[in-house]
file model18.csv (CSV, C-alpha atoms)
chain,number,residue,atom,x,y,z
C,163,MET,CA,2.1,26.1,4.4
C,164,LYS,CA,1.4,27.9,7.7
C,165,THR,CA,4.1,27.2,10.3
C,166,ASP,CA,1.5,26.3,12.9
C,167,ASP,CA,0.4,23.4,10.7
C,168,ARG,CA,3.8,21.7,11.1
C,169,HIS,CA,3.9,20.4,14.6
C,170,PRO,CA,4.2,16.7,14.9
C,171,PRO,CA,4.2,15.4,18.5
C,172,PRO,CA,7.6,15.2,20.2
C,173,PHE,CA,7.5,11.4,20.1
C,174,ARG,CA,5.5,8.8,18.3
C,175,HIS,CA,6.3,5.4,16.8
C,176,ARG,CA,7.4,5.8,13.2
C,177,VAL,CA,5.4,3.6,10.8
C,178,MET,CA,7.2,1.5,8.2
C,179,VAL,CA,5.9,-0.5,5.3
C,180,THR,CA,7.5,-3.9,5.3
C,181,GLY,CA,5.2,-5.7,2.8
C,182,THR,CA,2.9,-4.9,-0.1
C,183,GLY,CA,0.6,-7.0,-2.2
C,184,ALA,CA,-1.7,-6.3,-5.1
C,185,VAL,CA,-4.1,-7.8,-7.5
C,186,THR,CA,-5.3,-5.4,-10.2
C,187,PRO,CA,-6.4,-5.4,-13.8
C,188,LEU,CA,-2.7,-5.1,-14.7
C,189,GLY,CA,-2.1,-8.6,-13.2
C,190,GLU,CA,-1.3,-10.3,-9.9
C,191,GLY,CA,1.5,-8.9,-7.8
C,192,VAL,CA,3.0,-5.5,-7.1
C,193,ALA,CA,5.6,-5.9,-9.8
C,194,ALA,CA,2.9,-6.2,-12.5
C,195,LEU,CA,1.2,-3.1,-11.2
C,196,HIS,CA,4.4,-1.0,-11.2
C,197,ASN,CA,6.1,-2.3,-14.4
C,198,ARG,CA,3.0,-2.1,-16.6
C,199,VAL,CA,1.8,1.3,-15.5
C,200,VAL,CA,5.3,2.7,-15.9
C,201,ASN,CA,5.4,1.3,-19.4
C,202,GLY,CA,2.2,3.1,-20.2
C,203,GLU,CA,0.1,-0.1,-20.4
C,204,SER,CA,-3.6,-0.3,-19.6
C,205,GLY,CA,-5.5,-3.1,-17.9
C,206,LEU,CA,-8.8,-1.8,-19.2
C,207,THR,CA,-10.8,-3.9,-21.6
C,208,ASP,CA,-14.3,-3.2,-22.9
C,209,GLY,CA,-14.5,-0.2,-20.6
C,210,GLU,CA,-13.8,-2.0,-17.4
C,211,GLY,CA,-10.8,-3.1,-15.3
C,212,HIS,CA,-11.2,-6.9,-15.0
C,213,CYS,CA,-8.6,-9.0,-13.2
C,214,GLN,CA,-8.7,-11.4,-16.1
C,215,THR,CA,-5.8,-13.6,-15.1
C,216,PHE,CA,-6.7,-13.8,-11.4
C,217,ASP,CA,-6.5,-17.3,-9.9
C,218,PRO,CA,-7.2,-17.7,-6.2
C,219,HIS,CA,-6.2,-21.4,-6.2
C,220,ALA,CA,-2.6,-20.7,-5.1
C,221,VAL,CA,-3.9,-19.4,-1.8
C,222,LEU,CA,-7.4,-20.9,-1.4
C,223,SER,CA,-8.7,-24.5,-1.5
C,224,ARG,CA,-11.6,-25.3,-3.8
C,225,LYS,CA,-13.8,-25.4,-0.7
C,226,GLY,CA,-12.5,-22.0,0.4
C,227,ILE,CA,-13.1,-20.5,-3.0
C,228,HIS,CA,-16.7,-21.8,-3.0
C,229,ALA,CA,-17.3,-20.1,0.4
C,230,THR,CA,-15.8,-16.7,-0.3
C,231,ASP,CA,-16.9,-13.8,-2.5
C,232,ARG,CA,-14.6,-12.6,-5.2
C,233,PHE,CA,-13.7,-9.4,-3.3
C,234,SER,CA,-12.5,-11.5,-0.3
C,235,GLN,CA,-10.5,-13.7,-2.7
C,236,LEU,CA,-8.7,-10.7,-4.2
C,237,ALA,CA,-7.9,-9.4,-0.7
C,238,LEU,CA,-6.6,-12.8,0.5
C,239,VAL,CA,-4.2,-13.1,-2.5
C,240,ALA,CA,-3.0,-9.6,-2.0
C,241,ALA,CA,-2.5,-10.1,1.7
C,242,GLU,CA,-0.6,-13.3,1.0
C,243,GLU,CA,2.0,-11.5,-1.1
C,244,ALA,CA,2.3,-8.6,1.5
C,245,ILE,CA,2.7,-11.0,4.4
C,246,ARG,CA,5.2,-13.1,2.6
C,247,GLN,CA,7.3,-10.0,1.6
C,248,ALA,CA,7.2,-8.8,5.2
C,249,GLY,CA,8.7,-12.1,6.3
C,250,TRP,CA,5.7,-13.4,8.3
C,251,SER,CA,5.2,-16.6,6.3
C,252,ASP,CA,6.7,-18.8,9.0
C,253,GLY,CA,4.6,-17.2,11.8
C,254,LEU,CA,3.8,-13.8,13.3
C,255,PRO,CA,6.8,-12.0,14.8
C,256,TYR,CA,4.4,-10.3,17.3
C,257,ALA,CA,1.8,-11.4,19.8
C,258,PRO,CA,-1.4,-12.1,17.7
C,259,GLU,CA,-3.4,-9.7,19.8
C,260,ARG,CA,-1.0,-6.9,18.9
C,261,VAL,CA,-1.6,-7.2,15.1
C,262,MET,CA,-4.7,-5.4,13.7
C,263,CYS,CA,-6.4,-6.0,10.3
C,264,VAL,CA,-8.5,-3.3,8.5
C,265,ILE,CA,-9.6,-3.8,4.9
C,266,GLY,CA,-11.8,-1.1,3.3
C,267,SER,CA,-14.5,-1.9,0.8
C,268,VAL,CA,-17.4,-0.1,-0.9
C,269,ALA,CA,-19.5,-2.9,-2.3
C,270,GLY,CA,-18.4,-5.9,-0.2
C,271,GLY,CA,-19.9,-9.1,-1.5
C,272,VAL,CA,-22.2,-7.5,-4.0
C,273,LEU,CA,-21.5,-10.3,-6.5
C,274,THR,CA,-22.7,-12.9,-4.1
C,275,PHE,CA,-25.8,-10.8,-3.2
C,276,GLU,CA,-26.8,-10.6,-6.8
C,277,GLU,CA,-26.2,-14.2,-7.5
C,278,GLN,CA,-28.1,-15.4,-4.4
C,279,LEU,CA,-31.0,-13.0,-5.0
C,280,THR,CA,-31.3,-14.4,-8.6
C,281,THR,CA,-31.1,-18.0,-7.2
C,282,MET,CA,-33.9,-17.3,-4.7
C,283,ARG,CA,-36.2,-15.8,-7.3
C,284,ARG,CA,-35.7,-18.7,-9.6
C,285,ASN,CA,-35.6,-21.6,-7.2
C,286,GLY,CA,-37.1,-20.4,-3.9
C,287,THR,CA,-35.7,-19.5,-0.5
C,288,ASP,CA,-34.4,-22.9,0.3
C,289,ALA,CA,-31.9,-22.6,-2.6
C,290,VAL,CA,-30.0,-19.7,-1.0
C,291,SER,CA,-26.5,-20.7,0.1
C,292,ARG,CA,-25.8,-21.2,3.8
C,293,HIS,CA,-22.6,-19.3,3.0
C,294,ALA,CA,-24.4,-16.2,1.7
C,295,VAL,CA,-24.3,-14.1,4.8
C,296,PRO,CA,-20.5,-14.3,5.5
C,297,MET,CA,-19.8,-14.0,1.8
C,298,MET,CA,-21.8,-10.8,1.4
C,299,ALA,CA,-20.6,-9.0,4.5
C,300,SER,CA,-18.3,-6.1,3.9
C,301,HIS,CA,-16.1,-7.1,6.8
C,302,SER,CA,-15.6,-10.7,5.5
C,303,ALA,CA,-12.3,-9.9,3.7
C,304,ALA,CA,-10.7,-8.6,6.9
C,305,VAL,CA,-12.0,-11.5,8.9
C,306,GLN,CA,-10.8,-14.0,6.3
C,307,ILE,CA,-7.3,-12.5,6.4
C,308,ALA,CA,-7.3,-12.5,10.2
C,309,VAL,CA,-8.5,-16.1,10.4
C,310,ARG,CA,-5.9,-17.3,7.8
C,311,HIS,CA,-3.0,-15.6,9.6
C,312,ARG,CA,-4.2,-15.7,13.1
C,313,LEU,CA,-4.4,-12.0,13.7
C,314,ARG,CA,-6.3,-11.3,16.9
C,315,GLY,CA,-6.0,-7.6,17.2
C,316,GLU,CA,-8.8,-5.2,16.1
C,317,THR,CA,-10.3,-6.5,12.8
C,318,TYR,CA,-12.9,-4.6,10.8
C,319,CYS,CA,-13.9,-3.0,7.6
C,320,VAL,CA,-13.9,0.7,6.7
C,321,THR,CA,-16.7,1.8,4.3
C,322,SER,CA,-16.1,5.4,3.3
C,323,GLY,CA,-16.6,5.4,-0.4
C,324,CYS,CA,-13.5,5.7,-2.6
C,325,ALA,CA,-11.4,6.7,0.4
C,326,SER,CA,-12.0,3.4,2.2
C,327,GLY,CA,-8.6,1.8,1.4
C,328,THR,CA,-6.7,5.0,2.3
C,329,GLN,CA,-8.6,5.4,5.6
C,330,ALA,CA,-7.9,1.7,6.4
C,331,ILE,CA,-4.2,2.5,6.1
C,332,GLY,CA,-4.6,5.7,8.2
C,333,LEU,CA,-6.2,3.7,11.0
C,334,GLY,CA,-3.3,1.3,11.0
C,335,VAL,CA,-0.9,4.2,11.1
C,336,ARG,CA,-2.6,5.8,14.1
C,337,ALA,CA,-2.8,2.5,16.0
C,338,ILE,CA,0.9,1.8,15.6
C,339,ARG,CA,2.0,5.4,16.3
C,340,SER,CA,0.0,5.4,19.6
C,341,GLY,CA,1.3,2.0,20.7
C,342,ALA,CA,-2.1,0.4,20.5
C,343,ALA,CA,-0.7,-2.1,18.0
C,344,ASP,CA,2.7,-3.4,17.0
C,345,ALA,CA,1.7,-4.1,13.4
C,346,ALA,CA,-1.2,-3.9,11.0
C,347,VAL,CA,-2.4,-5.6,7.8
C,348,VAL,CA,-4.4,-2.9,6.0
C,349,GLY,CA,-5.7,-2.0,2.6
C,350,GLY,CA,-8.8,-2.3,0.5
C,351,ALA,CA,-10.7,-4.7,-1.8
C,352,ASP,CA,-13.6,-4.5,-4.2
C,353,ALA,CA,-15.2,-6.6,-7.0
C,354,PRO,CA,-18.0,-4.4,-8.1
C,355,LEU,CA,-18.3,-5.5,-11.8
C,356,THR,CA,-21.9,-6.6,-11.7
C,357,ASN,CA,-25.0,-5.5,-13.7
C,358,PHE,CA,-26.6,-3.9,-10.7
C,359,MET,CA,-23.4,-1.8,-9.9
C,360,ARG,CA,-23.0,-0.8,-13.5
C,361,SER,CA,-26.6,0.3,-13.8
C,362,ALA,CA,-26.5,2.2,-10.5
C,363,TYR,CA,-23.4,4.2,-11.3
C,364,LEU,CA,-24.5,4.9,-14.9
C,365,ASN,CA,-27.9,6.1,-13.8
C,366,ALA,CA,-26.3,8.3,-11.1
C,367,GLY,CA,-24.5,10.1,-14.0
C,368,ILE,CA,-21.0,9.5,-12.6
C,369,MET,CA,-19.7,6.6,-14.7
C,370,SER,CA,-18.6,7.2,-18.3
C,371,PRO,CA,-21.3,6.2,-20.8
C,372,THR,CA,-18.8,6.3,-23.7
C,373,GLY,CA,-15.7,4.6,-22.2
C,374,ILE,CA,-13.7,7.8,-22.7
C,375,SER,CA,-12.3,8.1,-19.2
C,376,VAL,CA,-8.7,9.3,-19.3
C,377,PRO,CA,-8.1,11.4,-16.2
C,378,PHE,CA,-7.3,15.1,-16.9
C,379,ASP,CA,-8.0,14.6,-20.7
C,380,GLU,CA,-10.3,17.2,-22.2
C,381,GLY,CA,-12.6,14.5,-23.6
C,382,ARG,CA,-13.3,12.6,-20.4
C,383,ASP,CA,-16.9,12.0,-19.2
C,384,GLY,CA,-16.8,9.9,-16.1
C,385,PHE,CA,-15.0,7.1,-14.4
C,386,LEU,CA,-14.6,3.4,-15.4
C,387,MET,CA,-15.0,0.7,-12.8
C,388,GLY,CA,-12.4,-1.9,-12.0
C,389,GLU,CA,-11.8,-4.6,-9.5
C,390,GLY,CA,-8.8,-5.4,-7.3
C,391,ALA,CA,-7.1,-5.4,-4.0
C,392,GLY,CA,-4.2,-3.7,-2.3
C,393,VAL,CA,-2.7,-4.7,1.1
C,394,LEU,CA,0.2,-3.3,3.1
C,395,VAL,CA,1.9,-4.6,6.2
C,396,LEU,CA,2.8,-1.8,8.6
C,397,GLU,CA,5.1,-2.1,11.5
C,398,SER,CA,6.7,0.3,14.0
C,399,ALA,CA,10.3,1.3,13.0
C,400,GLU,CA,11.6,-0.1,16.3
C,401,SER,CA,9.9,-3.5,15.8
C,402,ALA,CA,11.0,-3.9,12.2
C,403,GLU,CA,14.6,-2.9,13.1
C,404,ARG,CA,14.6,-5.3,16.0
C,405,ARG,CA,13.8,-8.2,13.8
C,406,GLY,CA,16.3,-7.1,11.1
C,407,ARG,CA,13.6,-6.3,8.5
C,408,THR,CA,14.4,-3.7,5.8
C,409,ALA,CA,11.5,-1.4,5.2
C,410,LEU,CA,10.1,-0.6,1.8
C,411,GLY,CA,9.3,2.9,2.9
C,412,GLU,CA,7.6,5.0,5.6
C,413,ILE,CA,4.1,6.5,6.1
C,414,LEU,CA,5.1,10.0,7.1
C,415,GLY,CA,1.7,11.6,7.2
C,416,TYR,CA,-2.1,11.0,7.0
C,417,GLY,CA,-4.9,13.5,6.9
C,418,SER,CA,-8.6,13.0,6.5
C,419,SER,CA,-11.8,15.1,6.5
C,420,CYS,CA,-15.5,15.1,5.4
C,421,ASP,CA,-17.1,17.7,3.1
C,422,ALA,CA,-20.4,17.4,5.0
C,423,PHE,CA,-22.0,18.5,1.8
C,424,HIS,CA,-23.7,15.7,-0.2
C,425,VAL,CA,-23.9,11.9,-0.2
C,426,LEU,CA,-22.4,11.7,-3.7
C,427,SER,CA,-21.0,15.0,-5.0
C,428,PRO,CA,-17.9,16.8,-3.6
C,429,ALA,CA,-18.2,20.3,-2.1
C,430,GLU,CA,-17.5,23.1,-4.6
C,431,ASP,CA,-15.5,25.2,-2.1
C,432,GLY,CA,-12.9,22.4,-1.5
C,433,VAL,CA,-12.4,23.5,2.1
C,434,ALA,CA,-12.5,20.0,3.6
C,435,ALA,CA,-10.4,18.5,0.8
C,436,MET,CA,-7.8,21.2,1.4
C,437,ASP,CA,-7.9,20.4,5.1
C,438,ALA,CA,-7.0,16.8,4.4
C,439,VAL,CA,-4.1,17.7,2.2
C,440,ARG,CA,-2.9,20.3,4.8
C,441,HIS,CA,-3.2,17.9,7.7
C,442,ALA,CA,-1.3,15.2,5.8
C,443,LEU,CA,1.6,17.5,5.1
C,444,GLY,CA,1.5,18.9,8.6
C,445,ASP,CA,1.4,15.4,10.1
C,446,ALA,CA,4.5,14.5,8.0
C,447,GLY,CA,6.3,17.7,8.7
C,448,ILE,CA,6.8,18.2,5.0
C,449,ALA,CA,6.6,21.4,3.0
C,450,PRO,CA,4.9,21.3,-0.5
C,451,GLY,CA,8.3,21.9,-2.2
C,452,GLU,CA,9.7,18.8,-0.7
C,453,LEU,CA,7.3,16.5,-2.6
C,454,SER,CA,8.7,14.5,-5.5
C,455,TYR,CA,5.5,13.0,-6.9
C,456,LEU,CA,1.7,13.2,-6.7
C,457,ASN,CA,-0.6,10.3,-7.4
C,458,ALA,CA,-3.9,12.1,-7.9
C,459,HIS,CA,-7.3,10.7,-7.1
C,460,ALA,CA,-8.4,11.8,-10.6
C,461,THR,CA,-11.2,9.5,-11.7
C,462,GLY,CA,-11.9,10.8,-15.2
C,463,SER,CA,-14.7,13.1,-14.2
C,464,ALA,CA,-14.2,16.7,-15.5
C,465,ARG,CA,-16.0,18.2,-12.6
C,466,ASP,CA,-14.2,16.1,-9.9
C,467,ASP,CA,-10.8,16.7,-11.6
C,468,ARG,CA,-11.5,20.5,-11.4
C,469,LEU,CA,-12.4,20.4,-7.8
C,470,GLU,CA,-9.5,18.2,-6.8
C,471,ILE,CA,-6.9,20.3,-8.6
C,472,ALA,CA,-8.4,23.4,-7.0
C,473,ALA,CA,-8.2,21.9,-3.6
C,474,VAL,CA,-4.6,20.6,-4.0
C,475,ARG,CA,-3.5,23.9,-5.5
C,476,GLY,CA,-5.1,25.7,-2.5
C,477,VAL,CA,-2.4,24.0,-0.3
C,478,LEU,CA,0.5,23.3,-2.6
C,479,ALA,CA,0.2,26.6,-4.4
C,480,ASP,CA,3.0,27.2,-7.0
C,481,ALA,CA,4.7,23.9,-6.1
C,482,LEU,CA,1.9,22.1,-7.9
C,483,GLU,CA,3.1,23.5,-11.3
C,484,THR,CA,6.4,21.7,-11.2
C,485,LEU,CA,5.4,18.6,-9.2
C,486,PRO,CA,5.1,15.4,-11.5
C,487,MET,CA,1.5,14.4,-11.3
C,488,SER,CA,-0.4,11.4,-12.7
C,489,SER,CA,-3.3,9.1,-12.0
C,490,THR,CA,-2.8,5.4,-12.0
C,491,LYS,CA,-6.6,5.0,-12.4
C,492,SER,CA,-5.9,5.5,-16.1
C,493,ALA,CA,-4.4,2.0,-16.2
C,494,THR,CA,-6.6,0.2,-13.7
C,495,GLY,CA,-10.0,1.9,-13.7
C,496,HIS,CA,-11.5,3.0,-10.5
C,497,LEU,CA,-11.0,0.2,-8.0
C,498,MET,CA,-13.5,1.8,-5.5
C,499,GLY,CA,-12.6,0.7,-2.0
C,500,ALA,CA,-9.3,-0.7,-3.2
C,501,ALA,CA,-8.3,2.4,-5.0
C,502,GLY,CA,-6.5,4.2,-2.2
C,503,ALA,CA,-4.5,1.2,-1.1
C,504,VAL,CA,-3.5,0.2,-4.6
C,505,GLU,CA,-2.5,3.8,-5.4
C,506,ALA,CA,-0.5,4.1,-2.1
C,507,ILE,CA,1.4,1.0,-3.2
C,508,ALA,CA,1.9,2.4,-6.7
C,509,THR,CA,3.2,5.7,-5.2
C,510,LEU,CA,5.7,3.9,-2.9
C,511,MET,CA,6.9,1.8,-5.9
C,512,ALA,CA,7.4,5.0,-7.9
C,513,LEU,CA,9.4,6.6,-5.1
C,514,ASN,CA,11.7,3.5,-4.7
C,515,ALA,CA,12.2,3.2,-8.5
C,516,ARG,CA,12.7,7.0,-8.8
C,517,VAL,CA,10.3,7.1,-11.7
C,518,ALA,CA,6.8,8.6,-12.0
C,519,PRO,CA,4.3,6.5,-14.0
C,520,PRO,CA,2.3,8.3,-16.7
C,521,THR,CA,-1.4,9.0,-16.8
C,522,VAL,CA,-1.9,6.3,-19.5
C,523,GLY,CA,-3.7,7.5,-22.6
C,524,LEU,CA,-3.4,11.3,-21.7
C,525,ARG,CA,-2.8,13.2,-24.9
C,526,ARG,CA,-4.9,16.4,-24.6
C,527,PRO,CA,-4.5,17.8,-21.1
C,528,ASP,CA,-7.5,19.9,-20.1
C,529,ALA,CA,-6.1,23.5,-20.2
C,530,SER,CA,-8.9,24.7,-17.9
C,531,LEU,CA,-7.1,23.1,-15.0
C,532,GLY,CA,-4.2,25.5,-15.3
C,533,ALA,CA,-0.5,25.0,-15.2
C,534,LEU,CA,0.3,21.4,-14.2
C,535,ARG,CA,3.2,19.0,-14.8
C,536,HIS,CA,1.3,16.1,-16.3
C,537,VAL,CA,3.3,12.9,-16.7
C,538,LEU,CA,2.6,11.8,-20.3
C,539,HIS,CA,5.5,9.3,-20.3
C,540,ALA,CA,7.4,7.9,-17.3
C,541,VAL,CA,9.9,10.4,-16.0
C,542,PRO,CA,12.7,10.2,-13.4
C,543,LEU,CA,11.9,11.6,-10.0
C,544,THR,CA,14.3,14.2,-8.5
C,545,THR,CA,14.9,15.0,-4.9
C,546,ALA,CA,17.5,16.9,-2.8
C,547,PRO,CA,20.9,15.2,-2.4
C,548,GLY,CA,20.9,12.9,0.5
C,549,ARG,CA,17.1,13.0,0.9
C,550,ARG,CA,14.6,10.1,0.3
C,551,PRO,CA,11.9,10.9,-2.2
C,552,VAL,CA,8.5,11.8,-0.8
C,553,GLY,CA,5.2,11.4,-2.5
C,554,MET,CA,1.6,12.1,-1.9
C,555,SER,CA,-1.5,10.0,-2.7
C,556,THR,CA,-4.9,11.6,-2.6
C,557,THR,CA,-8.4,10.1,-2.4
C,558,PHE,CA,-11.5,12.1,-2.4
C,559,GLY,CA,-14.4,9.7,-2.3
C,560,PHE,CA,-18.2,9.7,-2.7
C,561,GLY,CA,-19.9,11.1,0.3
C,562,GLY,CA,-17.2,13.8,0.7
C,563,HIS,CA,-14.7,11.4,2.3
C,564,ASN,CA,-11.2,12.9,1.9
C,565,ALA,CA,-8.1,11.0,2.8
C,566,VAL,CA,-4.5,11.8,1.9
C,567,LEU,CA,-1.2,9.9,2.6
C,568,VAL,CA,2.4,11.2,2.5
C,569,LEU,CA,4.9,8.4,1.9
C,570,GLU,CA,8.7,8.3,1.8
C,571,GLY,CA,10.8,5.9,-0.2
C,572,ALA,CA,13.3,3.5,1.4
C,573,THR,CA,16.6,4.9,0.1
C,574,ALA,CA,18.2,8.3,-0.5

call {"tool": "encode", "arguments": {"input": "model18.csv", "output": "structure tokens"}}
result
Amino acid sequence: MKTDDRHPPPFRHRVMVTGTGAVTPLGEGVAALHNRVVNGESGLTDGEGHCQTFDPHAVLSRKGIHATDRFSQLALVAAEEAIRQAGWSDGLPYAPERVMCVIGSVAGGVLTFEEQLTTMRRNGTDAVSRHAVPMMASHSAAVQIAVRHRLRGETYCVTSGCASGTQAIGLGVRAIRSGAADAAVVGGADAPLTNFMRSAYLNAGIMSPTGISVPFDEGRDGFLMGEGAGVLVLESAESAERRGRTALGEILGYGSSCDAFHVLSPAEDGVAAMDAVRHALGDAGIAPGELSYLNAHATGSARDDRLEIAAVRGVLADALETLPMSSTKSATGHLMGAAGAVEAIATLMALNARVAPPTVGLRRPDASLGALRHVLHAVPLTTAPGRRPVGMSTTFGFGGHNAVLVLEGATA
């Protein structure tokens, strides 16, 4: 890394993670996400990542379920877990106007849209639900969380392709660092498993037509869709310490960029993707050799894997050859707008457990990608004595949206 890339400002509020919540095809809760992926289990069935055991009734009333799209339900349940873990269940520890909420999503309430469109065509315009508009809106998950927990700070949705969840986290980080917010509830949610979405991605030539979608494997031919949500509670270090809350880890760095190349395909030169990686490391003040784990974006597309590895190698150089690397999409499928948030949580859990999860199902690593330390079975993470483990989570989304997080575990 160039020395002039490592120049964090002289003072800024450190950003701690005090709560995490997840709903994924591996089950409800962060523990299910971590334990099952570390054990090499997959949540994929019939070529998709369904949250088959998901039940929103513990959080939402029957009336509430009827008035919310599935993606909002996933977000609300994940947020409930994160807020409970952060110790906010008995009330906000901050002024409501000082807590922001940003939830990324690609498809928003697409399930509601398809269902209501079918209803209208069959039964006429009067049959369309009066709840359809708020259910379809991409910002509705963030609004529902804000309403439930009385968060009156900035509340909105980020829609930036597969980078949406990561960019939502990055916006929370920047707000807390600058003092614009004391805390933030951030993440991503999507429930895109509909006939229209399947057809759209298949016809675009980017989703696997065969179901062979193990990231980095020589036989892969595209991504597989999944549904889910990941939510993190972020607080300034001073605020968390003042209320006696033990942090789960810290967001050290965030970098983002845009390829400005194509609405779907990533740029071949990888310049913007490299910028995002470089900026995240510089923002964290971390050198490539100080990383302990890389959770790669790796969707299962041979071309995208090649471009991602080339971009990451362009910054990490030789450090990439010995850095444990895997893709948790191998166990969940591609969770679209939720992917970056869920993978950030999985990365943080890996750092705290000191174990890198495998790329589930990877048996024949693609040799054309060069020398890489693929994680085929869970392996212990190593770090310098007295240092907390540091990991990187990358997201390179449709539209050329690149977003990268550098996270640090809680204990040395």

call {"tool": "residues_around", "arguments": {"input": "model18.csv", "residues": "Ala512 (chain C)", "least_positions_apart": "5", "cutoff": "12 Å", "atoms": "only C-alpha atoms", "output": "short mmCIF file (atom, residue, chain, number, x, y, z; two decimals) with C-alpha atoms, in the coordinates of the input"}}
result
data_model
loop_
_atom_site.label_atom_id
_atom_site.label_comp_id
_atom_site.auth_asym_id
_atom_site.auth_seq_id
_atom_site.Cartn_x
_atom_site.Cartn_y
_atom_site.Cartn_z
CA VAL C 192 3.00 -5.50 -7.10
CA ALA C 193 5.60 -5.90 -9.80
CA LEU C 195 1.20 -3.10 -11.20
CA HIS C 196 4.40 -1.00 -11.20
CA ASN C 197 6.10 -2.30 -14.40
CA VAL C 199 1.80 1.30 -15.50
CA VAL C 200 5.30 2.70 -15.90
CA LEU C 410 10.10 -0.60 1.80
CA GLY C 411 9.30 2.90 2.90
CA SER C 454 8.70 14.50 -5.50
CA TYR C 455 5.50 13.00 -6.90
CA LEU C 456 1.70 13.20 -6.70
CA ASN C 457 -0.60 10.30 -7.40
CA PRO C 486 5.10 15.40 -11.50
CA MET C 487 1.50 14.40 -11.30
CA SER C 488 -0.40 11.40 -12.70
CA THR C 490 -2.80 5.40 -12.00
CA GLU C 505 -2.50 3.80 -5.40
CA ALA C 506 -0.50 4.10 -2.10
CA ILE C 507 1.40 1.00 -3.20
CA VAL C 517 10.30 7.10 -11.70
CA ALA C 518 6.80 8.60 -12.00
CA PRO C 519 4.30 6.50 -14.00
CA PRO C 520 2.30 8.30 -16.70
CA ALA C 540 7.40 7.90 -17.30
CA VAL C 541 9.90 10.40 -16.00
CA PRO C 542 12.70 10.20 -13.40
CA LEU C 543 11.90 11.60 -10.00
CA THR C 544 14.30 14.20 -8.50
CA PRO C 551 11.90 10.90 -2.20
CA VAL C 552 8.50 11.80 -0.80
CA GLY C 553 5.20 11.40 -2.50
CA MET C 554 1.60 12.10 -1.90
CA SER C 555 -1.50 10.00 -2.70
CA LEU C 569 4.90 8.40 1.90
CA GLU C 570 8.70 8.30 1.80
CA GLY C 571 10.80 5.90 -0.20
CA ALA C 572 13.30 3.50 1.40
#

call {"tool": "atom_distance", "arguments": {"input": "model18.csv", "atom1": "CA of Ala248 (chain C)", "atom2": "CA of Leu222 (chain C)"}}
result
20.1 Å

call {"tool": "residues_around", "arguments": {"input": "model18.csv", "residues": "region 348-364 of chain C", "least_positions_apart": "2", "cutoff": "7 Å", "atoms": "only C-alpha atoms", "output": "ChimeraX atom specification"}}
result
/C:232-233,236-237,263-270,272-273,326-327,330-331,334,346,366-369,371,388-395,497-500,503

call {"tool": "atom_distance", "arguments": {"input": "model18.csv", "atom1": "CA of Val347 (chain C)", "atom2": "CA of Ser419 (chain C)"}}
result
22.8 Å

call {"tool": "atom_distance", "arguments": {"input": "model18.csv", "atom1": "CA of Arg339 (chain C)", "atom2": "CA of Arg174 (chain C)"}}
result
5.3 Å

call {"tool": "closest_residue", "arguments": {"input": "model18.csv", "among": "C:Ser291, C:Thr207, C:Ser300, C:Gln247", "to": "Gly271 (chain C)", "atoms": "only C-alpha atoms"}}
result
C:Ser300

call {"tool": "closest_residue", "arguments": {"input": "model18.csv", "among": "C:Gly502, C:Gly373, C:Gly253, C:Gly202", "to": "Val537 (chain C)", "atoms": "all atoms listed in the file"}}
result
C:Gly202

call {"tool": "residues_around", "arguments": {"input": "model18.csv", "residues": "Ser530 (chain C)", "least_positions_apart": "4", "cutoff": "12 Å", "atoms": "all atoms listed in the file", "output": "PyMOL selection string"}}
result
chain C and resi 378-380+464-465+467-469+471-472+526+534

call {"tool": "residues_around", "arguments": {"input": "model18.csv", "residues": "Leu313 (chain C)", "least_positions_apart": "4", "cutoff": "6 Å", "atoms": "all atoms listed in the file", "output": "list in words"}}
result
Pro258, Val261 and Ala308 of chain C

call {"tool": "closest_residue", "arguments": {"input": "model18.csv", "among": "C:Ala446, C:Met436, C:Gln235, C:Arg549", "to": "His219 (chain C)", "atoms": "only C-alpha atoms"}}
result
C:Gln235

call {"tool": "closest_residue", "arguments": {"input": "model18.csv", "among": "C:Ser375, C:Thr328, C:Thr521, C:Thr230", "to": "Asn564 (chain C)", "atoms": "all atoms listed in the file"}}
result
C:Thr328

call {"tool": "closest_residue", "arguments": {"input": "model18.csv", "among": "C:Ser489, C:Arg312, C:Val568, C:Gly384", "to": "Arg440 (chain C)", "atoms": "only C-alpha atoms"}}
result
C:Val568

call {"tool": "closest_residue", "arguments": {"input": "model18.csv", "among": "C:Ala229, C:Ala574, C:Val433, C:Leu396", "to": "Gly181 (chain C)", "atoms": "all atoms listed in the file"}}
result
C:Leu396

call {"tool": "residues_near_point", "arguments": {"input": "model18.csv", "point": "(-0.8, 15.7, 10.4)", "cutoff": "12 Å", "atoms": "only C-alpha atoms", "output": "JSON, numbers by chain"}}
result
{"C": [166, 167, 168, 169, 170, 171, 332, 335, 336, 413, 414, 415, 416, 417, 418, 419, 437, 438, 439, 440, 441, 442, 443, 444, 445, 446, 447, 448, 449, 565, 566, 567, 568]}
